[in-house]
$ cat coords-v3.txt   # compact mmCIF, C-alpha atoms
# COMPACT_ATOMS: atom_id res chain seq x y z
CA MET C 42 23.98 67.02 95.23
CA ALA C 43 27.39 67.40 96.71
CA THR C 44 29.84 64.52 96.53
CA LYS C 45 30.35 62.83 99.84
CA ILE C 46 33.99 62.57 100.86
CA ASP C 47 35.34 60.67 103.80
CA PHE C 48 37.82 63.28 105.01
CA ALA C 49 39.23 61.00 107.65
CA SER C 50 40.54 58.67 104.96
CA LEU C 51 42.35 61.38 103.00
CA GLN C 52 46.12 61.62 103.18
CA LEU C 53 46.66 65.32 102.71
CA GLU C 54 50.16 66.72 102.33
CA PRO C 55 51.07 70.40 102.64
CA ILE C 56 51.96 72.07 99.36
CA ASP C 57 55.32 73.82 99.43
CA MET C 58 54.60 76.95 97.43
CA ASN C 59 58.33 77.64 97.12
CA THR C 60 58.80 74.46 95.11
CA TYR C 61 56.01 75.18 92.68
CA SER C 62 56.44 78.93 92.34
CA ASN C 63 57.47 79.99 88.87
CA THR C 64 59.86 82.74 89.87
CA ARG C 65 62.75 83.57 87.59
CA PRO C 66 66.30 84.04 88.88
CA ASP C 67 66.35 87.82 88.61
CA LEU C 68 68.63 90.47 90.02
CA TYR C 69 67.35 93.98 90.70
CA ILE C 70 69.71 96.93 91.01
CA ASN C 71 68.80 100.42 92.15
CA ARG C 72 70.46 103.42 93.73
CA THR C 73 70.43 101.97 97.24
CA GLY C 74 71.38 98.35 96.71
CA ILE C 75 70.72 95.05 94.97
CA THR C 76 68.05 92.36 95.40
CA PHE C 77 68.17 88.68 94.49
CA SER C 78 64.74 87.23 93.67
CA ARG C 79 63.33 84.06 95.20
CA GLY C 80 64.14 82.36 91.91
CA VAL C 81 67.86 82.83 92.59
CA LEU C 82 67.45 81.19 95.98
CA GLU C 83 65.46 78.34 94.42
CA CYS C 84 68.08 77.68 91.75
CA LEU C 85 70.92 77.63 94.25
CA ASN C 86 68.83 75.67 96.79
CA TYR C 87 68.92 78.32 99.53
CA PRO C 88 72.71 78.29 100.02
CA SER C 89 74.14 79.25 103.40
CA TYR C 90 77.22 80.67 101.70
CA VAL C 91 77.95 82.18 98.30
CA GLN C 92 80.80 83.75 96.41
CA TYR C 93 80.22 87.02 94.58
CA LEU C 94 82.22 86.94 91.34
CA LEU C 95 82.75 89.50 88.62
CA ASP C 96 84.25 89.49 85.14
CA PRO C 97 84.56 93.21 84.23
CA GLN C 98 85.91 92.41 80.78
CA ASN C 99 82.81 90.51 79.67
CA LYS C 100 80.48 92.41 82.05
CA VAL C 101 79.24 89.28 83.78
CA PHE C 102 78.35 88.93 87.47
CA ALA C 103 78.10 85.46 88.97
CA LEU C 104 76.66 84.18 92.22
CA ARG C 105 78.03 80.79 93.18
CA ALA C 106 76.80 78.57 96.02
CA CYS C 107 79.75 77.29 98.02
CA LYS C 108 80.93 75.97 101.37
CA GLY C 109 81.68 78.36 104.22
CA THR C 110 85.35 77.40 104.11
CA GLU C 111 85.94 78.41 100.48
CA THR C 112 87.71 81.62 99.39
CA LYS C 113 85.70 84.80 100.08
CA ALA C 114 82.60 82.78 101.05
CA LYS C 115 79.93 85.05 102.50
CA ALA C 116 76.80 84.17 104.49
CA PHE C 117 73.74 84.36 102.25
CA SER C 118 70.47 82.53 102.89
CA LYS C 119 68.61 80.85 105.70
CA PRO C 120 67.38 77.27 105.10
CA ARG C 121 64.39 76.85 102.75
CA GLY C 122 61.71 76.81 105.44
CA GLU C 123 63.06 79.86 107.27
CA GLN C 124 63.92 82.16 104.36
CA SER C 125 60.61 83.82 103.59
CA ASN C 126 61.73 86.79 101.48
CA SER C 127 64.08 87.63 98.67
CA ILE C 128 67.56 88.78 99.70
CA SER C 129 68.67 92.39 99.50
CA THR C 130 71.97 94.00 100.29
CA ASN C 131 73.17 97.58 100.28
CA VAL C 132 76.88 96.76 100.26
CA LYS C 133 78.55 99.46 98.19
CA ALA C 134 81.28 97.17 96.89
CA LEU C 135 78.62 95.10 95.11
CA GLN C 136 76.26 97.87 94.09
CA GLY C 137 79.07 100.13 92.87
CA ALA C 138 80.80 97.39 90.90
CA LEU C 139 77.62 96.25 89.15
CA THR C 140 76.33 99.72 88.29
CA ARG C 141 79.65 100.52 86.58
CA LEU C 142 78.98 97.74 84.10
CA ILE C 143 75.40 98.67 83.19
CA PRO C 144 75.41 100.68 79.95
CA GLY C 145 74.06 104.22 80.54
CA TYR C 146 73.37 103.61 84.23
CA SER C 147 71.33 106.27 85.98
CA ASP C 148 70.70 106.62 89.74
CA ALA C 149 67.11 107.56 88.99
CA LYS C 150 66.32 104.21 87.43
CA ARG C 151 65.89 100.64 88.57
CA TYR C 152 67.31 97.76 86.55
CA MET C 153 66.42 94.08 86.24
CA ILE C 154 68.73 91.38 84.92
CA GLU C 155 67.52 87.86 84.26
CA GLY C 156 69.97 85.25 85.48
CA GLN C 157 71.03 82.05 83.80
CA PHE C 158 71.47 79.09 86.10
CA VAL C 159 74.16 76.52 85.37
CA SER C 160 73.60 73.60 87.72
CA ALA C 161 76.99 72.00 87.06
CA ASP C 162 78.71 75.13 88.45
CA LYS C 163 76.01 75.79 91.10
CA THR C 164 76.13 79.32 89.71
CA VAL C 165 73.68 81.92 88.46
CA TYR C 166 75.19 84.19 85.81
CA PHE C 167 73.96 87.73 85.16
CA VAL C 168 75.01 89.49 81.92
CA LEU C 169 74.98 93.15 82.93
CA GLN C 170 74.76 94.38 79.37
CA ASP C 171 71.28 92.80 79.23
CA ALA C 172 69.99 94.98 82.10
CA VAL C 173 66.41 96.12 81.50
CA GLU C 174 65.12 99.42 82.90
CA LYS C 175 62.22 99.09 85.30
CA THR C 176 60.05 101.72 86.92
CA PHE C 177 59.94 102.20 90.66
CA PHE C 178 56.76 101.09 92.42
CA LYS C 179 56.04 104.65 93.53
CA ASP C 180 56.30 105.86 89.92
CA LYS C 181 53.59 103.43 88.81
CA GLN C 182 51.08 104.89 91.23
CA MET I 129 132.25 130.43 107.74
CA HIS I 130 134.91 127.84 108.40
CA ASP I 131 134.81 124.50 106.67
CA TRP I 132 134.21 122.79 109.98
CA GLU I 133 131.12 124.91 110.63
CA ARG I 134 129.77 124.33 107.13
CA VAL I 135 130.15 120.61 107.59
CA GLN I 136 128.31 120.79 110.92
CA ALA I 137 125.52 122.78 109.25
CA MET I 138 125.22 120.19 106.50
CA ILE I 139 125.12 117.38 109.02
CA ASP I 140 122.47 119.19 111.06
CA SER I 141 120.31 119.88 108.04
CA GLY I 142 120.60 116.22 107.06
CA ARG I 143 119.34 115.16 110.42
CA ARG I 144 116.26 117.30 110.12
CA VAL I 145 115.13 115.82 106.80
CA LYS I 146 111.99 113.81 107.45
CA LYS I 147 111.01 110.88 105.37
CA THR I 148 107.83 112.21 103.83
CA GLU I 149 107.32 109.43 101.33
CA ILE I 150 103.94 107.83 101.92
CA ILE I 151 103.95 104.12 101.56
CA ARG I 152 100.64 103.21 99.99
CA LYS I 153 99.35 99.76 100.62
CA LYS I 154 98.79 97.83 97.43
CA PHE I 155 95.95 95.39 97.44
CA GLU I 156 95.92 92.17 95.53
CA PHE I 157 92.51 91.33 94.16
CA ALA I 158 91.98 87.59 94.16
CA ARG I 159 90.74 85.82 91.06
CA VAL I 160 89.36 82.35 90.43
CA LYS I 161 92.21 80.15 89.28
CA SER I 162 90.43 77.19 87.72
CA GLY I 163 87.13 75.88 86.43
CA SER I 164 84.52 77.59 84.31
CA LEU I 165 84.71 80.75 86.42
CA ARG I 166 88.45 81.11 85.87
CA GLY I 167 89.52 84.76 85.72
CA PHE I 168 86.52 86.12 87.62
CA TYR I 169 87.38 88.51 90.46
CA TYR I 170 86.08 87.76 93.94
CA LEU I 171 83.94 90.65 95.21
CA ASP I 172 84.26 91.08 98.94
CA PRO I 173 81.49 92.95 100.82
CA ASP I 174 83.98 93.45 103.68
CA TRP I 175 86.39 95.59 101.67
CA SER I 176 87.37 98.89 103.24
CA ARG I 177 86.54 102.08 101.36
CA GLN I 178 90.18 102.26 100.18
CA GLU I 179 90.14 98.70 98.85
CA ARG I 180 86.77 99.27 97.22
CA ASP I 181 87.97 102.43 95.47
CA GLN I 182 91.10 100.67 94.23
CA PHE I 183 88.97 97.88 92.80
CA PHE I 184 86.74 100.42 91.05
CA THR I 185 89.86 102.06 89.57
CA LEU I 186 91.00 98.65 88.33
CA MET I 187 87.56 98.03 86.84
CA ASP I 188 87.52 101.40 85.09
CA ALA I 189 90.91 100.62 83.54
CA ILE I 190 89.64 97.26 82.27
CA ILE I 191 86.43 98.80 80.90
CA ASN I 192 88.37 101.56 79.11
CA ARG I 193 90.73 99.01 77.60
CA VAL I 194 87.82 96.90 76.34
CA ASP I 195 86.06 99.98 74.91
CA GLN I 196 89.25 101.04 73.08
CA ASN I 197 89.65 97.58 71.57
CA ASP I 198 86.03 97.66 70.38
CA GLU I 199 86.52 100.97 68.54
$ encode --input "coords-v3.txt" --output "structure tokens"
Amino acid sequence: MATKIDFASLQLEPIDMNTYSNTRPDLYINRTGITFSRGVLECLNYPSYVQYLLDPQNKVFALRACKGTETKAKAFSKPRGEQSNSISTNVKALQGALTRLIPGYSDAKRYMIEGQFVSADKTVYFVLQDAVEKTFFKDKQ
Amino acid sequence: MHDWERVQAMIDSGRRVKKTEIIRKKFEFARVKSGSLRGFYYLDPDWSRQERDQFFTLMDAIINRVDQNDE
């Protein structure tokens, strides 16, 4: 016999799947551009503006959440409720700079780099030497 | 040819010399000055192709220097 529930007395709250999703802060690089996963947006709390930073010597790329008035701040994400997808860009300055630092980079491959979030700096760091080769979706089929 | 004519010829030829030296614009690539990100270069998606290529040249020089030190 089914349990009887008084639905009128329940205080239901919508579950925000973004909050509970277990996405990692990953960066994907391929021949056409780069993609920041939802995990990156979660870590940085859907920042309106970011700074793209690069240390060529140590082969580290950093994405820092910042105010719109800071040096080289660029528009990035919509607010949490409005940003439904990951963020991709095909800006050659970014794609070209990052691919130069991936050991043995090939245009025919796709690379994934797991980011490390440092909350004190509001920054996700990506060590480009740790790039992992991934197959394209079409190649899997 | 008289001296006076030679002088005139020299003056004329001097006038026709064009300044062909191309002044190339040098870009300064900004870096973070303080904090834990000190020394990182700012990447700017709005760079022109010329600025972008100059940054790539700078990067290549840094990468080569690091590789040579590692050997």
$ atom_distance --input "coords-v3.txt" --atom1 "CA of Lys119 in chain C" --atom2 "CA of Tyr90 in chain C"
9.5 Å
$ closest_atom_pairs --input "coords-v3.txt" --of "chain I" --to "chain C" --cutoff "12 Å" --atoms "all atoms listed in the file" --output "tab-separated table"
residue	atom	partner	partner_atom	distance
I:Phe157	CA	C:Lys113	CA	11.1
I:Ala158	CA	C:Thr112	CA	9.0
I:Arg159	CA	C:Leu94	CA	8.6
I:Val160	CA	C:Leu94	CA	8.5
I:Lys161	CA	C:Thr112	CA	11.2
I:Ser162	CA	C:Asp162	CA	11.9
I:Gly163	CA	C:Asp162	CA	8.7
I:Ser164	CA	C:Asp162	CA	7.5
I:Leu165	CA	C:Leu94	CA	8.3
I:Arg166	CA	C:Asp96	CA	9.4
I:Gly167	CA	C:Asp96	CA	7.1
I:Phe168	CA	C:Asp96	CA	4.8
I:Tyr169	CA	C:Leu95	CA	5.1
I:Tyr170	CA	C:Leu94	CA	4.7
I:Leu171	CA	C:Tyr93	CA	5.2
I:Asp172	CA	C:Lys113	CA	6.5
I:Pro173	CA	C:Ala134	CA	5.8
I:Asp174	CA	C:Ala134	CA	8.2
I:Trp175	CA	C:Ala134	CA	7.2
I:Ser176	CA	C:Ala134	CA	9.0
I:Arg177	CA	C:Ala134	CA	8.5
I:Gln178	CA	C:Ala134	CA	10.8
I:Glu179	CA	C:Ala134	CA	9.2
I:Arg180	CA	C:Ala134	CA	5.9
I:Asp181	CA	C:Ala134	CA	8.6
I:Gln182	CA	C:Ala134	CA	10.8
I:Phe183	CA	C:Ala138	CA	8.4
I:Phe184	CA	C:Ala138	CA	6.7
I:Thr185	CA	C:Ala138	CA	10.3
I:Leu186	CA	C:Pro97	CA	9.4
I:Met187	CA	C:Pro97	CA	6.2
I:Asp188	CA	C:Arg141	CA	8.1
I:Ala189	CA	C:Pro97	CA	9.8
I:Ile190	CA	C:Gln98	CA	6.3
I:Ile191	CA	C:Gln98	CA	6.4
I:Asn192	CA	C:Gln98	CA	9.6
I:Arg193	CA	C:Gln98	CA	8.8
I:Val194	CA	C:Gln98	CA	6.6
I:Asp195	CA	C:Gln98	CA	9.6
I:Asn197	CA	C:Gln98	CA	11.2
I:Asp198	CA	C:Gln98	CA	11.7
$ closest_residue --input "coords-v3.txt" --among "C:Gly145, C:Gly109, C:Pro66, C:Gly122" --to "Glu83 in chain C" --atoms "all atoms listed in the file"
C:Pro66
$ residues_near_point --input "coords-v3.txt" --point "(70.2, 108.8, 90.9)" --cutoff "10 Å" --atoms "only C-alpha atoms" --output "ChimeraX atom specification"
/C:71-73,146-151
$ residues_near_point --input "coords-v3.txt" --point "(71.8, 97.4, 91.1)" --cutoff "7 Å" --atoms "all atoms listed in the file" --output "list of chain:residue names"
C:Tyr69, C:Ile70, C:Asn71, C:Arg72, C:Gly74, C:Ile75, C:Gln136, C:Leu139, C:Thr140, C:Tyr152
$ atom_distance --input "coords-v3.txt" --atom1 "CA of Ser118 in chain C" --atom2 "CA of Ser78 in chain C"
11.8 Å
$ atom_distance --input "coords-v3.txt" --atom1 "CA of Val81 in chain C" --atom2 "CA of Thr176 in chain C"
21.2 Å
$ build_atoms --input "coords-v3.txt" --residues "range 124-135 of chain C" --atoms "all heavy atoms" --output "compact mmCIF listing (two decimals), keeping the file's coordinate frame"
# COMPACT_ATOMS: atom_id res chain seq x y z
N GLN C 124 63.69 80.98 105.21
CA GLN C 124 63.92 82.16 104.36
C GLN C 124 62.62 82.52 103.65
O GLN C 124 62.22 81.84 102.70
CB GLN C 124 65.02 81.87 103.32
CG GLN C 124 65.36 83.03 102.43
CD GLN C 124 66.06 84.17 103.17
OE1 GLN C 124 66.94 83.94 103.98
NE2 GLN C 124 65.65 85.38 102.91
N SER C 125 61.94 83.52 104.14
CA SER C 125 60.61 83.82 103.59
C SER C 125 60.65 84.90 102.50
O SER C 125 59.72 85.00 101.72
CB SER C 125 59.68 84.26 104.72
OG SER C 125 60.26 85.35 105.40
N ASN C 126 61.69 85.68 102.45
CA ASN C 126 61.73 86.79 101.48
C ASN C 126 62.92 86.66 100.53
O ASN C 126 63.80 85.83 100.74
CB ASN C 126 61.83 88.13 102.21
CG ASN C 126 60.59 88.42 103.01
OD1 ASN C 126 59.47 88.16 102.57
ND2 ASN C 126 60.78 88.92 104.21
N SER C 127 62.90 87.51 99.53
CA SER C 127 64.08 87.63 98.67
C SER C 127 65.21 88.24 99.50
O SER C 127 64.98 88.70 100.62
CB SER C 127 63.76 88.52 97.47
OG SER C 127 63.26 89.76 97.92
N ILE C 128 66.40 88.27 98.94
CA ILE C 128 67.56 88.78 99.70
C ILE C 128 68.06 90.08 99.09
O ILE C 128 68.31 90.15 97.89
CB ILE C 128 68.68 87.72 99.73
CG1 ILE C 128 68.23 86.55 100.61
CG2 ILE C 128 69.99 88.31 100.27
CD1 ILE C 128 69.24 85.45 100.74
N SER C 129 68.17 91.09 99.94
CA SER C 129 68.67 92.39 99.50
C SER C 129 69.94 92.74 100.27
O SER C 129 70.12 92.32 101.40
CB SER C 129 67.64 93.49 99.77
OG SER C 129 66.48 93.25 99.02
N THR C 130 70.77 93.51 99.61
CA THR C 130 71.97 94.00 100.29
C THR C 130 72.28 95.41 99.79
O THR C 130 72.02 95.72 98.63
CB THR C 130 73.18 93.07 100.06
OG1 THR C 130 74.35 93.68 100.63
CG2 THR C 130 73.44 92.81 98.60
N ASN C 131 72.79 96.23 100.68
CA ASN C 131 73.17 97.58 100.28
C ASN C 131 74.68 97.79 100.35
O ASN C 131 75.15 98.90 100.52
CB ASN C 131 72.43 98.62 101.13
CG ASN C 131 72.71 98.45 102.60
OD1 ASN C 131 73.47 97.56 102.98
ND2 ASN C 131 72.11 99.26 103.43
N VAL C 132 75.42 96.68 100.23
CA VAL C 132 76.88 96.76 100.26
C VAL C 132 77.37 97.53 99.03
O VAL C 132 77.05 97.18 97.90
CB VAL C 132 77.49 95.34 100.27
CG1 VAL C 132 79.00 95.40 100.14
CG2 VAL C 132 77.12 94.62 101.54
N LYS C 133 78.14 98.58 99.29
CA LYS C 133 78.55 99.46 98.19
C LYS C 133 79.54 98.80 97.24
O LYS C 133 79.60 99.15 96.07
CB LYS C 133 79.14 100.75 98.75
CG LYS C 133 78.08 101.68 99.28
CD LYS C 133 78.66 103.03 99.62
CE LYS C 133 77.55 103.98 100.06
NZ LYS C 133 78.07 105.28 100.50
N ALA C 134 80.32 97.85 97.76
CA ALA C 134 81.28 97.17 96.89
C ALA C 134 80.54 96.42 95.78
O ALA C 134 81.00 96.39 94.64
CB ALA C 134 82.12 96.20 97.70
N LEU C 135 79.40 95.83 96.10
CA LEU C 135 78.62 95.10 95.11
C LEU C 135 77.85 96.06 94.21
O LEU C 135 77.92 95.99 92.98
CB LEU C 135 77.63 94.14 95.79
CG LEU C 135 78.22 93.01 96.63
CD1 LEU C 135 77.11 92.17 97.25
CD2 LEU C 135 79.11 92.12 95.78
